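Trainee: Got final.cif for you, mmCIF, C-alpha atoms and all ligand atoms:
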```cif
data_run
#
loop_
_atom_site.label_atom_id
_atom_site.label_comp_id
_atom_site.auth_asym_id
_atom_site.auth_seq_id
_atom_site.Cartn_x
_atom_site.Cartn_y
_atom_site.Cartn_z
CA MET A 1 40.43 -61.68 -42.41
CA PRO A 2 39.67 -64.36 -39.84
CA SER A 3 42.72 -66.32 -38.79
CA ASP A 4 42.87 -70.03 -37.98
CA THR A 5 42.69 -69.36 -34.23
CA PRO A 6 39.06 -68.72 -33.30
CA ILE A 7 38.47 -65.15 -32.17
CA ASN A 8 37.09 -64.75 -28.64
CA LEU A 9 34.00 -62.61 -29.29
CA TYR A 10 34.39 -61.00 -25.85
CA ASP A 11 37.71 -59.54 -27.06
CA LEU A 12 35.87 -57.31 -29.53
CA THR A 13 34.35 -53.89 -29.01
CA ARG A 14 31.10 -53.29 -30.91
CA PRO A 15 32.91 -51.41 -33.74
CA ALA A 16 35.47 -54.24 -33.99
CA LEU A 17 32.67 -56.83 -34.15
CA GLY A 18 31.07 -54.70 -36.86
CA GLU A 19 34.30 -54.75 -38.88
CA LEU A 20 34.58 -58.51 -38.60
CA LEU A 21 31.01 -59.02 -39.74
CA SER A 22 31.10 -56.41 -42.49
CA GLY A 23 34.24 -58.17 -43.80
CA TRP A 24 32.00 -61.21 -44.19
CA GLY A 25 29.40 -59.07 -45.98
CA TYR A 26 26.91 -58.50 -43.12
CA ARG A 27 25.16 -55.22 -42.36
CA PRO A 28 25.42 -53.40 -38.99
CA HIS A 29 22.04 -54.83 -37.98
CA HIS A 30 23.64 -58.28 -37.70
CA ARG A 31 26.40 -56.88 -35.51
CA ASP A 32 23.77 -55.56 -33.12
CA VAL A 33 21.93 -58.88 -33.02
CA VAL A 34 25.15 -60.68 -32.05
CA TRP A 35 26.07 -57.95 -29.56
CA THR A 36 22.68 -58.04 -27.86
CA GLY A 37 22.94 -61.81 -27.60
CA LEU A 38 26.35 -61.54 -25.96
CA TYR A 39 25.67 -58.80 -23.46
CA ARG A 40 21.90 -58.38 -22.99
CA GLN A 41 20.81 -61.97 -23.33
CA GLN A 42 24.22 -63.12 -22.06
CA ALA A 43 24.28 -66.32 -24.11
CA ARG A 44 26.71 -68.88 -22.73
CA ALA A 45 27.42 -70.54 -26.08
CA LEU A 46 27.29 -69.55 -29.74
CA ASP A 47 24.28 -71.76 -30.39
CA GLU A 48 22.35 -69.91 -27.68
CA LEU A 49 22.59 -66.60 -29.59
CA GLN A 50 19.07 -65.76 -30.71
CA GLY A 51 17.82 -64.38 -34.02
CA LEU A 52 20.91 -65.15 -36.12
CA ARG A 53 20.74 -66.06 -39.79
CA PRO A 54 21.87 -69.69 -40.19
CA ASP A 55 24.74 -68.70 -42.50
CA LEU A 56 26.03 -66.17 -39.93
CA ARG A 57 25.70 -68.73 -37.16
CA SER A 58 27.83 -71.22 -39.03
CA ARG A 59 30.39 -68.53 -39.96
CA LEU A 60 30.66 -67.58 -36.28
CA GLY A 61 30.96 -71.25 -35.33
CA GLU A 62 33.87 -71.65 -37.74
CA HIS A 63 35.87 -68.57 -36.80
CA THR A 64 34.89 -67.47 -33.31
CA ARG A 65 34.30 -68.73 -29.79
CA LEU A 66 32.98 -67.52 -26.44
CA GLY A 67 35.85 -67.60 -23.96
CA HIS A 68 34.69 -68.23 -20.39
CA LEU A 69 36.67 -68.08 -17.18
CA THR A 70 36.58 -71.19 -15.01
CA PRO A 71 36.25 -70.99 -11.21
CA HIS A 72 39.37 -72.48 -9.66
CA HIS A 73 38.96 -71.57 -6.00
CA GLU A 74 36.67 -69.32 -4.00
CA THR A 75 36.33 -68.01 -0.47
CA PHE A 76 33.72 -66.00 1.44
CA SER A 77 34.45 -63.53 4.22
CA SER A 78 33.00 -64.37 7.61
CA ASP A 79 30.50 -61.49 7.36
CA GLY A 80 29.35 -62.87 3.98
CA HIS A 81 29.83 -59.54 2.20
CA THR A 82 32.96 -60.44 0.26
CA HIS A 83 33.24 -63.29 -2.20
CA LYS A 84 36.69 -63.81 -3.59
CA LEU A 85 37.19 -65.83 -6.75
CA LEU A 86 40.29 -67.26 -8.29
CA LEU A 87 39.42 -67.73 -11.98
CA ARG A 88 41.36 -69.87 -14.43
CA LEU A 89 42.20 -68.62 -17.92
CA ASP A 90 42.54 -70.80 -21.03
CA ASP A 91 46.30 -71.20 -20.60
CA GLY A 92 46.01 -72.24 -16.95
CA GLN A 93 46.95 -68.84 -15.45
CA THR A 94 44.79 -67.79 -12.54
CA ILE A 95 43.54 -64.31 -11.68
CA GLU A 96 41.59 -62.81 -8.80
CA THR A 97 38.17 -61.21 -8.95
CA VAL A 98 36.46 -59.96 -5.80
CA LEU A 99 32.73 -59.41 -5.47
CA MET A 100 31.66 -57.15 -2.62
CA ARG A 101 28.01 -56.79 -1.63
CA PHE A 102 27.46 -54.07 0.84
CA LYS A 103 24.31 -52.14 1.72
CA GLY A 104 22.52 -53.48 -1.35
CA ARG A 105 25.23 -52.28 -3.73
CA ALA A 106 27.46 -54.72 -5.51
CA THR A 107 31.00 -53.84 -6.52
CA VAL A 108 33.42 -56.02 -8.40
CA CYS A 109 37.17 -55.61 -8.26
CA ILE A 110 38.73 -56.99 -11.43
CA SER A 111 42.25 -57.81 -12.62
CA THR A 112 43.91 -56.49 -15.78
CA GLN A 113 47.06 -58.64 -15.75
CA ALA A 114 48.12 -62.03 -14.44
CA GLY A 115 50.68 -60.77 -11.91
CA CYS A 116 52.26 -57.33 -12.16
CA ALA A 117 55.61 -55.95 -13.28
CA MET A 118 55.62 -52.93 -10.95
CA GLY A 119 56.98 -54.65 -7.85
CA CYS A 120 55.38 -52.56 -5.07
CA VAL A 121 56.98 -54.08 -1.99
CA PHE A 122 53.84 -54.54 0.13
CA CYS A 123 51.66 -55.97 -2.64
CA ALA A 124 51.19 -59.73 -3.03
CA THR A 125 50.72 -59.34 -6.81
CA GLY A 126 53.88 -57.25 -7.08
CA GLN A 127 55.74 -59.95 -5.17
CA MET A 128 54.87 -62.51 -7.89
CA GLY A 129 56.01 -60.52 -10.95
CA LEU A 130 54.21 -60.32 -14.30
CA SER A 131 53.05 -63.44 -16.10
CA ARG A 132 51.13 -61.70 -18.89
CA HIS A 133 48.60 -59.07 -19.90
CA LEU A 134 44.94 -60.07 -19.91
CA SER A 135 42.99 -59.83 -23.16
CA PRO A 136 39.93 -57.54 -23.26
CA GLY A 137 37.72 -60.64 -23.15
CA GLU A 138 39.46 -61.88 -20.01
CA ILE A 139 38.85 -58.53 -18.34
CA VAL A 140 35.20 -58.32 -19.45
CA GLY A 141 34.76 -62.03 -18.61
CA GLN A 142 35.29 -61.31 -14.91
CA VAL A 143 32.36 -58.89 -14.94
CA LEU A 144 30.14 -61.34 -16.83
CA HIS A 145 31.08 -64.05 -14.35
CA VAL A 146 30.00 -62.06 -11.29
CA GLN A 147 26.89 -60.80 -13.03
CA ARG A 148 25.77 -64.41 -13.38
CA ILE A 149 26.36 -64.93 -9.66
CA LEU A 150 24.41 -61.78 -8.80
CA ARG A 151 21.52 -62.64 -11.10
CA GLU A 152 20.87 -65.80 -9.12
CA SER A 153 19.99 -63.67 -6.09
CA GLY A 154 18.23 -60.96 -8.07
CA GLU A 155 21.00 -58.41 -7.47
CA SER A 156 22.69 -56.20 -10.01
CA LEU A 157 26.16 -54.83 -10.35
CA ARG A 158 26.79 -51.16 -9.74
CA ASN A 159 30.50 -50.48 -9.44
CA VAL A 160 33.50 -51.89 -11.25
CA VAL A 161 36.94 -51.11 -9.87
CA LEU A 162 40.05 -51.96 -11.83
CA MET A 163 42.06 -52.56 -8.69
CA GLY A 164 42.67 -56.29 -8.77
CA MET A 165 45.86 -57.89 -9.98
CA GLY A 166 47.97 -55.88 -12.38
CA GLU A 167 48.60 -52.35 -13.58
CA PRO A 168 45.79 -51.31 -15.96
CA LEU A 169 47.80 -48.57 -17.71
CA HIS A 170 50.62 -51.07 -18.43
CA ASN A 171 47.98 -52.98 -20.43
CA TYR A 172 46.38 -49.84 -21.83
CA GLU A 173 44.85 -51.02 -25.12
CA HIS A 174 43.22 -54.15 -23.73
CA THR A 175 41.99 -52.39 -20.61
CA MET A 176 40.38 -49.58 -22.60
CA ALA A 177 38.79 -52.01 -25.06
CA ALA A 178 37.29 -53.77 -22.04
CA VAL A 179 36.06 -50.43 -20.60
CA ASP A 180 34.43 -49.63 -23.96
CA VAL A 181 32.58 -52.96 -23.82
CA LEU A 182 31.47 -52.42 -20.20
CA VAL A 183 29.94 -49.00 -20.86
CA ASP A 184 28.49 -49.73 -24.32
CA PRO A 185 24.86 -48.56 -24.15
CA LEU A 186 23.61 -51.52 -26.20
CA GLY A 187 25.47 -53.97 -23.98
CA LEU A 188 26.24 -54.07 -20.26
CA ALA A 189 25.68 -50.29 -20.14
CA LEU A 190 27.50 -49.79 -16.84
CA GLY A 191 27.47 -46.19 -15.64
CA PRO A 192 30.74 -44.46 -16.55
CA ARG A 193 30.83 -42.77 -13.15
CA PHE A 194 30.79 -46.18 -11.54
CA ILE A 195 34.00 -47.47 -13.11
CA THR A 196 37.22 -46.64 -11.26
CA LEU A 197 40.67 -47.29 -12.67
CA SER A 198 43.56 -47.33 -10.25
CA THR A 199 47.11 -46.80 -11.51
CA VAL A 200 50.49 -46.91 -9.84
CA GLY A 201 51.24 -43.70 -11.74
CA VAL A 202 52.13 -44.62 -15.32
CA VAL A 203 52.61 -41.06 -16.58
CA PRO A 204 52.16 -41.62 -20.35
CA GLY A 205 49.00 -43.62 -19.63
CA ILE A 206 47.51 -40.85 -17.47
CA ARG A 207 48.18 -38.28 -20.21
CA ARG A 208 46.68 -40.54 -22.85
CA LEU A 209 43.62 -41.12 -20.69
CA ALA A 210 43.23 -37.35 -20.34
CA ASP A 211 43.40 -36.93 -24.13
CA GLU A 212 41.08 -39.81 -24.95
CA ASP A 213 38.48 -39.09 -22.29
CA ARG A 214 37.57 -42.61 -21.32
CA PRO A 215 34.52 -42.64 -19.03
CA VAL A 216 36.29 -43.73 -15.86
CA GLN A 217 37.17 -42.26 -12.49
CA LEU A 218 40.92 -42.14 -12.03
CA ALA A 219 42.71 -43.20 -8.86
CA VAL A 220 46.48 -42.78 -8.51
CA SER A 221 48.44 -44.80 -5.94
CA LEU A 222 50.93 -42.55 -4.19
CA HIS A 223 51.98 -44.11 -0.84
CA GLY A 224 54.89 -41.66 -0.58
CA ALA A 225 55.03 -37.88 -1.08
CA THR A 226 58.78 -37.54 -1.65
CA ASP A 227 60.59 -39.40 -4.45
CA ALA A 228 62.86 -41.29 -2.04
CA GLU A 229 60.05 -42.45 0.26
CA ARG A 230 57.78 -43.35 -2.62
CA ALA A 231 60.43 -45.27 -4.57
CA ALA A 232 61.20 -47.38 -1.49
CA LEU A 233 57.63 -48.70 -1.61
CA VAL A 234 56.76 -48.24 -5.28
CA PRO A 235 59.76 -48.90 -7.59
CA ALA A 236 57.81 -47.38 -10.52
CA GLY A 237 58.35 -44.05 -8.74
CA ARG A 238 61.96 -44.08 -10.02
CA ARG A 239 60.74 -44.22 -13.62
CA TRP A 240 58.04 -41.59 -13.18
CA PRO A 241 59.15 -39.16 -10.44
CA LEU A 242 56.59 -37.15 -8.50
CA ASP A 243 57.02 -33.88 -10.41
CA GLU A 244 56.23 -35.67 -13.71
CA LEU A 245 53.40 -37.60 -12.09
CA MET A 246 51.80 -34.53 -10.53
CA ASP A 247 52.14 -32.62 -13.83
CA ALA A 248 50.28 -35.44 -15.56
CA CYS A 249 47.61 -35.40 -12.82
CA ARG A 250 47.16 -31.63 -13.16
CA TYR A 251 46.90 -32.07 -16.95
CA TYR A 252 44.21 -34.73 -16.41
CA ILE A 253 42.21 -32.62 -13.95
CA ASP A 254 42.40 -29.51 -16.17
CA LYS A 255 41.55 -31.33 -19.35
CA ARG A 256 38.81 -33.58 -18.03
CA LYS A 257 37.49 -31.29 -15.29
CA ARG A 258 37.37 -34.37 -13.11
CA ARG A 259 38.78 -34.97 -9.67
CA ILE A 260 41.46 -37.58 -9.01
CA PHE A 261 41.45 -40.00 -6.11
CA PHE A 262 44.86 -40.60 -4.57
CA GLU A 263 45.48 -43.87 -2.76
CA TRP A 264 47.70 -44.10 0.25
CA THR A 265 48.33 -47.47 1.86
CA LEU A 266 49.12 -46.62 5.48
CA ILE A 267 52.01 -48.61 6.91
CA ALA A 268 52.85 -48.22 10.60
CA GLY A 269 55.95 -46.07 11.09
CA ARG A 270 56.75 -46.00 7.34
CA ASN A 271 54.34 -43.44 5.89
CA ASP A 272 51.72 -42.78 8.57
CA THR A 273 53.15 -40.00 10.74
CA VAL A 274 51.95 -36.41 11.02
CA GLU A 275 55.07 -35.33 9.05
CA HIS A 276 54.14 -37.69 6.20
CA ALA A 277 50.62 -36.26 6.20
CA GLN A 278 52.03 -32.69 6.10
CA THR A 279 54.17 -33.53 3.05
CA LEU A 280 51.21 -35.18 1.33
CA GLY A 281 48.93 -32.26 2.20
CA ARG A 282 51.45 -29.83 0.65
CA LEU A 283 51.74 -31.99 -2.49
CA LEU A 284 47.98 -32.15 -3.03
CA GLY A 285 46.82 -28.83 -1.55
CA GLY A 286 44.92 -26.78 -4.15
CA LEU A 287 44.27 -29.77 -6.43
CA ASP A 288 40.82 -31.27 -7.00
CA ALA A 289 41.88 -34.35 -5.09
CA HIS A 290 40.46 -36.87 -2.63
CA VAL A 291 42.66 -39.28 -0.69
CA ASN A 292 41.64 -42.89 -0.11
CA VAL A 293 43.54 -44.10 2.90
CA ILE A 294 43.95 -47.90 2.95
CA PRO A 295 45.31 -49.54 6.10
CA LEU A 296 47.95 -52.07 5.02
CA ASN A 297 46.73 -55.59 4.51
CA PRO A 298 49.80 -57.56 5.65
CA THR A 299 51.34 -59.95 3.11
CA VAL A 300 53.78 -62.81 3.59
CA GLY A 301 56.52 -61.11 1.57
CA TYR A 302 56.55 -57.80 3.49
CA ASP A 303 57.21 -57.18 7.15
CA GLY A 304 55.23 -53.92 7.54
CA GLY A 305 52.05 -53.67 9.61
CA PRO A 306 48.85 -51.59 9.46
CA SER A 307 48.62 -48.25 11.26
CA GLN A 308 46.83 -47.78 14.58
CA PRO A 309 43.37 -46.17 14.32
CA ALA A 310 44.65 -43.09 16.21
CA SER A 311 47.43 -42.56 13.63
CA VAL A 312 44.88 -42.96 10.83
CA ARG A 313 42.69 -40.25 12.38
CA ALA A 314 45.64 -37.91 12.94
CA PHE A 315 46.77 -38.45 9.35
CA GLN A 316 43.31 -37.52 8.06
CA ASP A 317 43.11 -34.44 10.31
CA VAL A 318 46.38 -33.07 8.91
CA LEU A 319 45.17 -33.66 5.35
CA MET A 320 41.96 -31.80 6.14
CA SER A 321 43.97 -28.86 7.49
CA HIS A 322 45.44 -28.62 3.97
CA GLY A 323 41.93 -28.71 2.47
CA VAL A 324 42.38 -32.28 1.24
CA PRO A 325 39.39 -34.56 1.98
CA SER A 326 40.00 -38.24 2.66
CA THR A 327 38.16 -41.49 3.30
CA VAL A 328 39.43 -44.63 4.99
CA ARG A 329 38.85 -47.56 2.69
CA GLN A 330 38.88 -50.80 4.59
CA ARG A 331 40.13 -53.65 2.46
CA ARG A 332 37.15 -55.87 3.06
CA GLY A 333 37.53 -59.55 3.57
CA ILE A 334 40.98 -59.52 5.12
CA ASP A 335 40.05 -62.88 6.66
CA ILE A 336 39.84 -64.39 3.17
CA ASP A 337 43.08 -63.01 1.73
CA ALA A 338 41.05 -60.42 -0.17
CA GLY A 339 43.96 -58.04 -0.71
CA CYS A 340 45.34 -57.70 -4.22
CA GLY A 341 47.01 -60.98 -5.21
CA GLN A 342 46.70 -62.51 -1.77
CA LEU A 343 44.31 -65.36 -2.55
CA LYS A 344 46.40 -66.49 -5.48
CA SER A 345 49.59 -66.58 -3.43
CA ALA A 346 47.82 -68.27 -0.52
CA VAL A 347 46.41 -70.98 -2.83
CA GLU A 348 49.83 -71.45 -4.44
CA ARG A 349 51.48 -71.78 -1.03
CA ARG A 350 48.91 -74.38 0.01
CA THR A 351 49.36 -76.26 -3.29
CA ARG A 352 53.14 -76.22 -2.91
CA ARG A 353 52.85 -77.48 0.66
CA SER A 354 50.58 -80.32 -0.43
CA LEU A 355 52.88 -81.41 -3.28
CA PRO A 356 55.17 -84.32 -2.47
CA THR A 357 58.66 -83.01 -1.71
CA SER A 358 61.77 -84.75 -2.94
CA PRO A 359 63.84 -86.47 -0.27
N1 LIG B 401 48.12 -51.51 -10.01
C1 LIG B 401 47.13 -50.58 -9.62
C2 LIG B 401 45.82 -51.22 -9.24
C3 LIG B 401 45.87 -52.47 -8.42
S1 LIG B 401 46.37 -52.31 -6.74
C4 LIG B 401 47.65 -49.71 -8.50
O1 LIG B 401 48.69 -50.01 -7.92
O2 LIG B 401 47.02 -48.70 -8.22
C5 LIG B 401 45.02 -51.39 -6.00
C6 LIG B 401 45.40 -50.67 -4.73
O3 LIG B 401 45.64 -51.60 -3.66
C7 LIG B 401 46.68 -49.84 -4.87
O4 LIG B 401 46.50 -48.57 -4.30
C8 LIG B 401 47.66 -50.66 -4.09
O5 LIG B 401 48.75 -49.90 -3.64
C9 LIG B 401 46.82 -51.22 -2.98
N2 LIG B 401 47.41 -52.39 -2.31
C10 LIG B 401 48.09 -53.41 -2.87
N3 LIG B 401 48.47 -54.30 -1.93
C11 LIG B 401 48.03 -53.83 -0.75
C12 LIG B 401 48.11 -54.30 0.60
N4 LIG B 401 48.73 -55.43 0.91
N5 LIG B 401 47.54 -53.56 1.57
C13 LIG B 401 46.88 -52.40 1.26
N6 LIG B 401 46.79 -51.91 0.03
C14 LIG B 401 47.35 -52.61 -0.98
FE1 LIG B 402 51.17 -53.79 -9.34
FE2 LIG B 402 49.39 -52.19 -8.17
FE3 LIG B 402 50.45 -54.28 -6.84
FE4 LIG B 402 51.96 -52.14 -7.40
S1 LIG B 402 50.15 -52.21 -6.06
S2 LIG B 402 52.56 -54.28 -7.67
S3 LIG B 402 51.19 -51.59 -9.39
S4 LIG B 402 49.15 -54.38 -8.62
#
```
Using structure tokens, write down the structure that the file contains.
Ligand code: SAH
Ligand code: SF4
Mentor:
Amino acid sequence: MPSDTPINLYDLTRPALGELLSGWGYRPHHRDVVWTGLYRQQARALDELQGLRPDLRSRLGEHTRLGHLTPHHETFSSDGHTHKLLLRLDDGQTIETVLMRFKGRATVCISTQAGCAMGCVFCATGQMGLSRHLSPGEIVGQVLHVQRILRESGESLRNVVLMGMGEPLHNYEHTMAAVDVLVDPLGLALGPRFITLSTVGVVPGIRRLADEDRPVQLAVSLHGATDAERAALVPAGRRWPLDELMDACRYYIDKRKRRIFFEWTLIAGRNDTVEHAQTLGRLLGGLDAHVNVIPLNPTVGYDGGPSQPASVRAFQDVLMSHGVPSTVRQRRGIDIDAGCGQLKSAVERRTRRSLPTSP
């Protein structure tokens, strides 16, 4: 039954839209007309949806809405490849979405929560804490927003990475509903291999993902290869220790026959030595694993610094000696605060500075 609060149509998967409409007495054909209007035609308002019966149009007008995200602030990297957006939600919260255009391929990095509860010490989002989960429509809305930007220059979106603000597996239901919308063949039809979900290592979520077989690539943020070292950087490591986490990863790889990417933010002197690489190599040796090494993007709330290029190379060489391939992933757009949560905190700092202070 429709409630008094209008339903954001972008919150619904195609089956859920079908249920809403069949509850009103409409056949699946009408669901597909609405769906095509939302995601193929990408109507901006209900009255732009084409081919609707007038009675259905007025029913939708009464009980539903199209929730859009409003640009609040944006920055471009000096090389022009990275476009970082701070988008405002209906309740005034802001979230980050980053559009990267590189070698003709566009990738968007989207948020799944406003803030994050996991508290990783080097992460600007972790430093702000969790405000709330995003709804499926707020997650999908980020993709729709950048697609409109790309369309203006005749480009199309290829990759979606769930690596913006928040922990996707802490907001499992909404994140997966959004993934279902993104890959729906009658809608945005994004390639399943081109969606990557990064988790801090929420063990029950990894196991559930293995059982449900969502069409995503999984990335797991490690940053430490012993419980003590990991927990010092990633407090969630105390809740889900490495033996449980690696069991869940093995379960995922066995069940899905899919490799896992492991992320390792390299911090000078903290987790970037040859010994750290040996421990990581032993942890991952024999697994179908690939390590993404990310030099630290310094944040105001953490005093660590990025590793020297020579340490990065040595780290990779040791991993390779354990049969573990790795790639260095530059966090593009460092000059525009393009690390996770960094634009939001920079804008908030500037806003606070510009507010009148009491005497
Ligand atoms: N919550 C998820 C996804 C968002 S963070 C997760 O933690 O995996 C995406 C990646 O960026 C994670 O690997 C995270 O550790 C890394 N990251 C966050 N802040 C960073 C920073 N300041 N420098 C480098 N990497 C960072
Ligand atoms: Fe949350 Fe990921 Fe940042 Fe950790 S790194 S605080 S899990 S967003």
Trainee: For the interface of chain A with ligand LIG 401 (chain B) (cut-off 8 Å, counting all atoms listed in the file), please tabulate each contacting residue of chain A alongside its nearest pair of atoms and their separation in Å to one decimal, rows sorted by chain and increasing number, as a Markdown table.
Mentor:
```
| residue | atom | partner | partner_atom | distance |
| --- | --- | --- | --- | --- |
| A:Ser111 | CA | B:LIG401 | C3 | 7.7 |
| A:Cys116 | CA | B:LIG401 | N1 | 7.5 |
| A:Met118 | CA | B:LIG401 | N1 | 7.7 |
| A:Cys120 | CA | B:LIG401 | O5 | 7.3 |
| A:Phe122 | CA | B:LIG401 | N4 | 5.2 |
| A:Cys123 | CA | B:LIG401 | N3 | 3.7 |
| A:Ala124 | CA | B:LIG401 | N3 | 6.2 |
| A:Thr125 | CA | B:LIG401 | N3 | 7.4 |
| A:Leu162 | CA | B:LIG401 | C2 | 6.4 |
| A:Met163 | CA | B:LIG401 | C3 | 3.8 |
| A:Gly164 | CA | B:LIG401 | C3 | 5.0 |
| A:Met165 | CA | B:LIG401 | C3 | 5.6 |
| A:Gly166 | CA | B:LIG401 | N1 | 5.0 |
| A:Glu167 | CA | B:LIG401 | N1 | 3.7 |
| A:Pro168 | CA | B:LIG401 | N1 | 6.4 |
| A:Leu197 | CA | B:LIG401 | C2 | 7.3 |
| A:Ser198 | CA | B:LIG401 | O2 | 4.2 |
| A:Thr199 | CA | B:LIG401 | O2 | 3.8 |
| A:Val200 | CA | B:LIG401 | O1 | 4.1 |
| A:Gly201 | CA | B:LIG401 | O2 | 7.4 |
| A:Ala219 | CA | B:LIG401 | O2 | 7.0 |
| A:Val220 | CA | B:LIG401 | O2 | 6.0 |
| A:Ser221 | CA | B:LIG401 | O4 | 4.5 |
| A:Leu222 | CA | B:LIG401 | O4 | 7.5 |
| A:His223 | CA | B:LIG401 | O5 | 7.2 |
| A:Glu263 | CA | B:LIG401 | O4 | 5.0 |
| A:Trp264 | CA | B:LIG401 | O4 | 6.5 |
| A:Thr265 | CA | B:LIG401 | N6 | 5.0 |
| A:Leu266 | CA | B:LIG401 | C13 | 7.5 |
| A:Ile294 | CA | B:LIG401 | C13 | 5.6 |
| A:Pro295 | CA | B:LIG401 | C13 | 5.8 |
| A:Leu296 | CA | B:LIG401 | N5 | 3.8 |
| A:Asn297 | CA | B:LIG401 | N5 | 3.7 |
| A:Pro298 | CA | B:LIG401 | N4 | 5.3 |
| A:Thr299 | CA | B:LIG401 | N4 | 5.7 |
| A:Arg331 | CA | B:LIG401 | C13 | 7.0 |
| A:Gly339 | CA | B:LIG401 | N4 | 5.7 |
| A:Cys340 | CA | B:LIG401 | N3 | 5.2 |
| A:Gly341 | CA | B:LIG401 | N3 | 7.6 |
| A:Gln342 | CA | B:LIG401 | N4 | 7.8 |
```
Trainee: For Pro136 of chain A, which of A:Ser58, A:Thr13, A:Gln42, A:Thr97 is the closest residue, counting only C-alpha atoms?
Mentor: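 Result for the nearest residue to Pro136 of chain A: A:Thr13.
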Trainee: Could you work out how far atom CA of Val98 of chain A lies from atom CA of Ser307 of chain A, giving the answer in Å with one decimal?
Mentor: 24.0 Å
Trainee: Step by step: start from the point (32.6, -48.3, -7.9) in the file's coordinates, keep every protein, DNA or RNA residue that has an atom no farther than 7 Å from it, count all atoms listed in the file, and write the set as a PyMOL selection string.
Mentor: chain A and resi 107+158-161+194-196
Trainee: Work out how far apart atom CA of Pro28 of chain A and atom CA of Tyr172 of chain A are and give it in Å to one decimal.
Mentor: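 It comes out at 27.3 Å.
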Trainee: If I take atom CA of Arg148 of chain A and atom S2 of ligand LIG 402 (chain B), how far is one from the other in Å, to one decimal?
Mentor: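 Between atom CA of Arg148 of chain A and atom S2 of ligand LIG 402 (chain B) the gap is 29.2 Å.
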Trainee: Would you please work out which residue, of A:Leu209, A:Leu56, A:Val291, A:Val274, is nearest to Glu173 of chain A when using all atoms listed in the file?
Mentor: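 That would be A:Leu209, the residue with the smallest distance to Glu173 of chain A.
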Trainee: Please write out, as JSON, where the centre of an axis-aligned box around all listed atoms of ligand LIG 402 (chain B) lies and how long its edges are, in Å to one decimal, after adding 5 Å on each side.
Mentor:
```
{"center_x": 50.9, "center_y": -53.0, "center_z": -7.7, "size_x": 13.4, "size_y": 12.8, "size_z": 13.3}
```
Trainee: Restricting the calculation to only C-alpha atoms, which member of A:Ile253, A:Pro54, A:Ile7, A:Arg59 is positioned closest to Ser135 of chain A?
Mentor: A:Ile7
Trainee: Name the closest residue to Leu188 of chain A among the candidates A:Gly286, A:His30, A:Phe262, A:Val143; distances are taken between atoms, counting all atoms listed in the file.
Mentor: A:Val143
Trainee: Just give me the residues with any atom within 10 Å of (60.0, -56.5, -8.2), file coordinates, counting all atoms listed in the file, written as a PyMOL selection string.
Mentor: chain A and resi 116-121+125-130+234-236
Trainee: Using all atoms listed in the file, which of the listed residues (A:Arg151, A:Arg282, A:His73, A:Arg214) sits closest to Thr175 of chain A?
Mentor: A:Arg214
